[in-house]
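Asker: For reference, the structure I am asking about is given below.
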8 protein chains.
Amino acid sequence: MKYTIYLAGEIHSDWRQELQEKLQEMKSAEFTFTGPQENHEKSDAIGETVLGTQPNLLYRDIQSSKINNLRTQLFLNKADLVIAYFGEKFKQWNTASDATIAIAKGKPVILIRPEKLHHPLKELAERANVTVGSIDEAVKVMEYLFD
Amino acid sequence: MKYTIYLAGEIHSDWRQELQEKLQEMKSAEFTFTGPQENHEKSDAIGETVLGTQPNLLYRDIQSSKINNLRTQLFLNKADLVIAYFGEKFKQWNTASDATIAIAKGKPVILIRPEKLHHPLKELAERANVTVGSIDEAVKVMEYLFD
Amino acid sequence: MKYTIYLAGEIHSDWRQELQEKLQEMKSAEFTFTGPQENHEKSDAIGETVLGTQPNLLYRDIQSSKINNLRTQLFLNKADLVIAYFGEKFKQWNTASDATIAIAKGKPVILIRPEKLHHPLKELAERANVTVGSIDEAVKVMEYLFD
Amino acid sequence: MKYTIYLAGEIHSDWRQELQEKLQEMKSAEFTFTGPQENHEKSDAIGETVLGTQPNLLYRDIQSSKINNLRTQLFLNKADLVIAYFGEKFKQWNTASDATIAIAKGKPVILIRPEKLHHPLKELAERANVTVGSIDEAVKVMEYLFD
Amino acid sequence: MKYTIYLAGEIHSDWRQELQEKLQEMKSAEFTFTGPQENHEKSDAIGETVLGTQPNLLYRDIQSSKINNLRTQLFLNKADLVIAYFGEKFKQWNTASDATIAIAKGKPVILIRPEKLHHPLKELAERANVTVGSIDEAVKVMEYLFD
Amino acid sequence: MKYTIYLAGEIHSDWRQELQEKLQEMKSAEFTFTGPQENHEKSDAIGETVLGTQPNLLYRDIQSSKINNLRTQLFLNKADLVIAYFGEKFKQWNTASDATIAIAKGKPVILIRPEKLHHPLKELAERANVTVGSIDEAVKVMEYLFD
Amino acid sequence: MKYTIYLAGEIHSDWRQELQEKLQEMKSAEFTFTGPQENHEKSDAIGETVLGTQPNLLYRDIQSSKINNLRTQLFLNKADLVIAYFGEKFKQWNTASDATIAIAKGKPVILIRPEKLHHPLKELAERANVTVGSIDEAVKVMEYLFD
Amino acid sequence: MKYTIYLAGEIHSDWRQELQEKLQEMKSAEFTFTGPQENHEKSDAIGETVLGTQPNLLYRDIQSSKINNLRTQLFLNKADLVIAYFGEKFKQWNTASDATIAIAKGKPVILIRPEKLHHPLKELAERANVTVGSIDEAVKVMEYLFD
């Protein structure tokens, strides 16, 4: 069977590449991966790229986030499974919000976070189906599902 | 008419008291306020209060967050309107998740955050109905709705 | 029984007052009426009233419409019935959108429009439950429901 | 991946052709386009085409709009994304209603309108994910999603 | 507690009066009863009562049924329980449709029909929660629920 | 594109064959047709075919209708469009119920009935998207959608 | 505020009385309790009480369970919170099913079970919000919510 | 057409193999089968396989059941039909919960159980579409659907 997996979360490390490589070794299922815009500059600038210079940074953010939300909604709607990754830096409120939308839509969600972030993530962790501490642990969950 | 308002967000300042006092001066509507457990210690300990000492901090968190999520679900289900407050400190991922659940359930949401937090909150801000920078601005929105 | 009725539509005539007076003569049911901000200036300015002067008219509109949408969502969620009124002037796209949201939420909708507007409103008219040509006709529908 | 895009909006210009040509240059995704009946005469006459002459123009409209709504519902249900176009002429209430149904169904929506129409469209614009001022701007949004 | 009960079904006998009298002897719950327009002439004529003479019987029916559907939707939305009664005469397709809408909305449904109608009603009977053969049997079900 | 069409309604004439032949001449879309068990004897007997002889005709009907409802639910869930046909004979309450379930699920519905049945079908006819008087008229609607 | 609490689970001990007494000492909220028929004989016999003697035990069960499911659906729909109790005896599959329906409807659920039943209940326990080992622990959860 | 069938239920006998073999003889439809982890040891251990040794058996169960629930949610979401099998041994509360989730999601459900289990399963049996007593009877239902 074919599955579409949305990879929510930070765009400052190469966790998506690492995860995808490990998953693609599995032969029993075929995965299509989607996710947010991973080019940070492009993501912050997209509102002005489309609509031209905005009056200040606040309005620049408003217009970019509208397009980013469009993107997330389009790809989340088509996802069978969501894997959300929290890194150690940044506020990552969009990751928290994307994972929660997936949960509210009834999509199964795996959350990856360094164990030291457990306390601030504890309520969201219990809303997700499964919370693990590393990409390798997420891969083990995937192997259990698809092998 | 009577309205139930869920006050999501941080429990380290007295923003709820300030907001409630200002709203209760309005005579045109009757409000019931609900929200998370505001006693931080009680909130972190509730899992062990109910189930006894847990084997480690991780499980202490797991058991507490289950009860906190139960509470949020019960009161959010009954809310007509959600006001979510982000302060300057802490990760506040549960606030991001609670606001997002309310949005997904079709509840109208007002988000309060210091303007300096706009960039990391930008996607969630555009998912909410209205984002303002202070309690006084939120009160002005409420006056517009109910006066 | 008590019913909450949302009165969607134009705010440039006193159709709401006329309708409410005629409905309040009915003794068999108790109605609470809600609707959009009827003070046009206040409605257009509310974004700047809350957030201060915006950089241009476009952003003035964006901020006001967010608050107007919050208001509509709050009151539509609580409505048992929606009556939407189209006048002869203006684009009235927000009326079309409000009536459609009500339909999508499964709320019964009565549409009032001058018969001459039938052609451009024809698809929306068939999505609504009932389309009539005047306030008096809408009152007759209400009498049928509640007398 | 394959995506189905519903093109809501006016049928008096060739905006659909222009948009489709520009989108089909993108190689990263495969699009199927659907939309309303673009032949205006056929659209107005379909009720009588099927059921025979109706008693007058009002009833002619009722029967045609039922079939047009059937068409919209069939294709909107299957759409992954909706692009709604407002031109400068006509009431276009069906466009407002179609875009709103898509929003209510959780479909991502891009709204194209000449900037001068911003004020009357402002509430619907904020309900849509993204509002732009031209086809070229909509294409830039699509490139951001699919390139 | 208070319960609202929608009494779907034929309007040619006094089954509603009989049922209501028997239920009102129960002291443990408070019931509000709603239902379709029971005056058959009024029900068939309501379209023309509101909109004036229609060009033919077909349009007379179309306009009346729109208002009857509005009524059903309003009252079914507020119902906690639906009791649908099939008599021995007439097509009663609106009863079948009203009961099915209630089932689709997740409302509990009791179906009353003379046992001889079991065969043509068999699929709908199995979609409803409970099917009985007489008003007295329906009253026994109600006593089981509320005594 | 491919569409799945559920053909609800009577199984005593060959209307499905007639409709399918006429639709298969259309080249612009590919249709898969589903529907109820068309062998009347098999449909009535299926409960006993699976579970053995039942105590009497009533129970025979209960068990068969459970399996028929399973079938309808399976195929309706996968349908893009429903065409429901009422003939002149029989109670056809299952057709009324199947069409209503499709409407409640947001599936577009075309209803075919001899015009003389308009009065008893009038409420259901207005819940469906389109009501026509013959198979040929339904084919014209389909040509409008897919040509 | 007022809350309606459905008490799912076994009817062979007086756990409901014990729980209600302990909860009614809390002054901060007003509770209405509902639940299944607690008279076991009446529950098993209700089908025959209403419809007369059935041909065998299987049909006796079928008819009774239809009425029991009606009852559960009516009261669960109105519940704000569900507390489900598993005892040490019996299969209790209806308790498992009732708790799961509540979860699927988005109702918050507290599960009480002797700790020794954890293993067979482990998947359902993780679907519920909170799982505790005794009535006293459930009361502590309630105190946390309402004090 | 292609159908995905989720096989819920016990993992201690080879009922899935038996059912699949019998179904695969049918040529008229193409089935993909999914289900829970059938290796009992792997199922109980998966939490520790992913996250390492847990403090005791209770926590071992918590972590395994989260991953098992993720699996069920993923595959149930994609299923067109669910067949749930109850054997004579074990509590099988997860089977009862899985079948109920499928029912709540609007998926058609066939329940297989030895007839002697009818009494404790009676309420769930009436929530499912069809209840049969053996694999062969389930196969007959499938033949009725797809032949």
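Ligands are numbered from 1 in the order shown, residues from 1 within each chain, and chains are lettered A, B, ... in the order they appear in the structure tokens.
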Contacts of region 114-127 of chain C at 8 Å or less, counting only C-alpha atoms, minus same-chain residues fewer than 4 places along, as a VMD selection string?
Answerer: (chain C and resid 86 to 88 96 100 103 131 to 134) or (chain D and resid 58 61 to 62 65 to 66 68 to 69 91 to 94 97)
Asker: Limited to C-alpha atoms, could you put the picked residues into a file as a PDB file, in the first residue's frame?
Answerer:
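Generated file (result-v9.pdb):
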ATOM      1  CA  PHE C  86     -30.028  41.147   0.593  1.00  0.00           C
ATOM      2  CA  GLY C  87     -30.789  44.755  -0.307  1.00  0.00           C
ATOM      3  CA  GLU C  88     -30.554  46.304  -3.747  1.00  0.00           C
ATOM      4  CA  ALA C  96     -23.480  35.573   0.850  1.00  0.00           C
ATOM      5  CA  THR C 100     -23.353  29.865   3.209  1.00  0.00           C
ATOM      6  CA  ILE C 103     -25.955  26.313   5.504  1.00  0.00           C
ATOM      7  CA  THR C 131     -36.137  32.270  -0.339  1.00  0.00           C
ATOM      8  CA  VAL C 132     -38.721  35.039  -0.060  1.00  0.00           C
ATOM      9  CA  GLY C 133     -39.155  38.514  -1.496  1.00  0.00           C
ATOM     10  CA  SER C 134     -39.940  40.651   1.540  1.00  0.00           C
TER      11      SER C 134
ATOM     12  CA  LEU D  58     -37.905  32.752 -11.907  1.00  0.00           C
ATOM     13  CA  ASP D  61     -33.602  29.975 -12.682  1.00  0.00           C
ATOM     14  CA  ILE D  62     -34.689  27.648  -9.875  1.00  0.00           C
ATOM     15  CA  SER D  65     -29.446  26.520 -10.222  1.00  0.00           C
ATOM     16  CA  LYS D  66     -30.336  23.120  -8.758  1.00  0.00           C
ATOM     17  CA  ASN D  68     -25.471  23.934 -11.149  1.00  0.00           C
ATOM     18  CA  ASN D  69     -25.332  23.284  -7.393  1.00  0.00           C
ATOM     19  CA  LYS D  91     -22.729  40.243  -8.395  1.00  0.00           C
ATOM     20  CA  GLN D  92     -20.756  36.972  -8.245  1.00  0.00           C
ATOM     21  CA  TRP D  93     -22.649  35.745  -5.197  1.00  0.00           C
ATOM     22  CA  ASN D  94     -22.282  32.167  -6.369  1.00  0.00           C
ATOM     23  CA  SER D  97     -20.899  30.984  -1.811  1.00  0.00           C
TER      24      SER D  97
END
Asker: Using DSSP on the backbone coordinates, identify the residues of region 70-113 of chain D assigned to strand (DSSP E); present them as a list in words.
Answerer: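 In region 70-113 of chain D, DSSP puts these residues in strand (DSSP E): Leu81, Val82, Ile83, Ala84, Tyr85, Val109, Ile110, Leu111 and Ile112 of chain D.
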Asker: Do me a favour and pick out the residues of chain E within 9 Å of chain C, using only C-alpha atoms, as an NGL selection string.
Answerer: :E and (32 or 36-37 or 42-43 or 46-47 or 49-51 or 63 or 66-71 or 73-74 or 77-78)
Asker: Among chain H, which ones does DSSP place in alpha helix (DSSP H), written as a VMD selection string?
Answerer: chain H and resid 15 to 24 40 to 51 57 to 78 93 to 104 118 to 127 135 to 146
Asker: Between CA of Lys2 (chain H) and CA of Trp15 (chain H), measure the distance and give it in Å to one decimal.
Answerer: 22.0 Å
Asker: Within 7 Å of Asp44 (chain A), counting only C-alpha atoms, which residues qualify if same-chain residues fewer than 3 places away don't, as JSON, numbers by chain?
Answerer: {"A": [40, 41, 61, 64]}
Asker: Limited to N, CA and C atoms, could you put the picked residues into a file as a CSV table (one decimal), in the first residue's frame?
Answerer:
chain,number,residue,atom,x,y,z
A,40,HIS,N,14.3,28.3,4.9
A,40,HIS,CA,13.8,29.2,5.9
A,40,HIS,C,13.6,30.6,5.3
A,41,GLU,N,14.5,31.1,4.5
A,41,GLU,CA,14.4,32.4,3.9
A,41,GLU,C,13.2,32.6,3.0
A,61,ASP,N,5.2,39.2,8.0
A,61,ASP,CA,4.9,37.9,8.7
A,61,ASP,C,3.4,37.5,8.4
A,64,SER,N,3.2,36.0,4.9
A,64,SER,CA,3.9,34.8,4.7
A,64,SER,C,3.2,33.6,5.4
Asker: So what do you get for CA of Val82 (chain B) versus CA of Ala102 (chain B), distance-wise?
Answerer: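 Computing the Euclidean distance for CA of Val82 (chain B) and CA of Ala102 (chain B) yields 7.1 Å.
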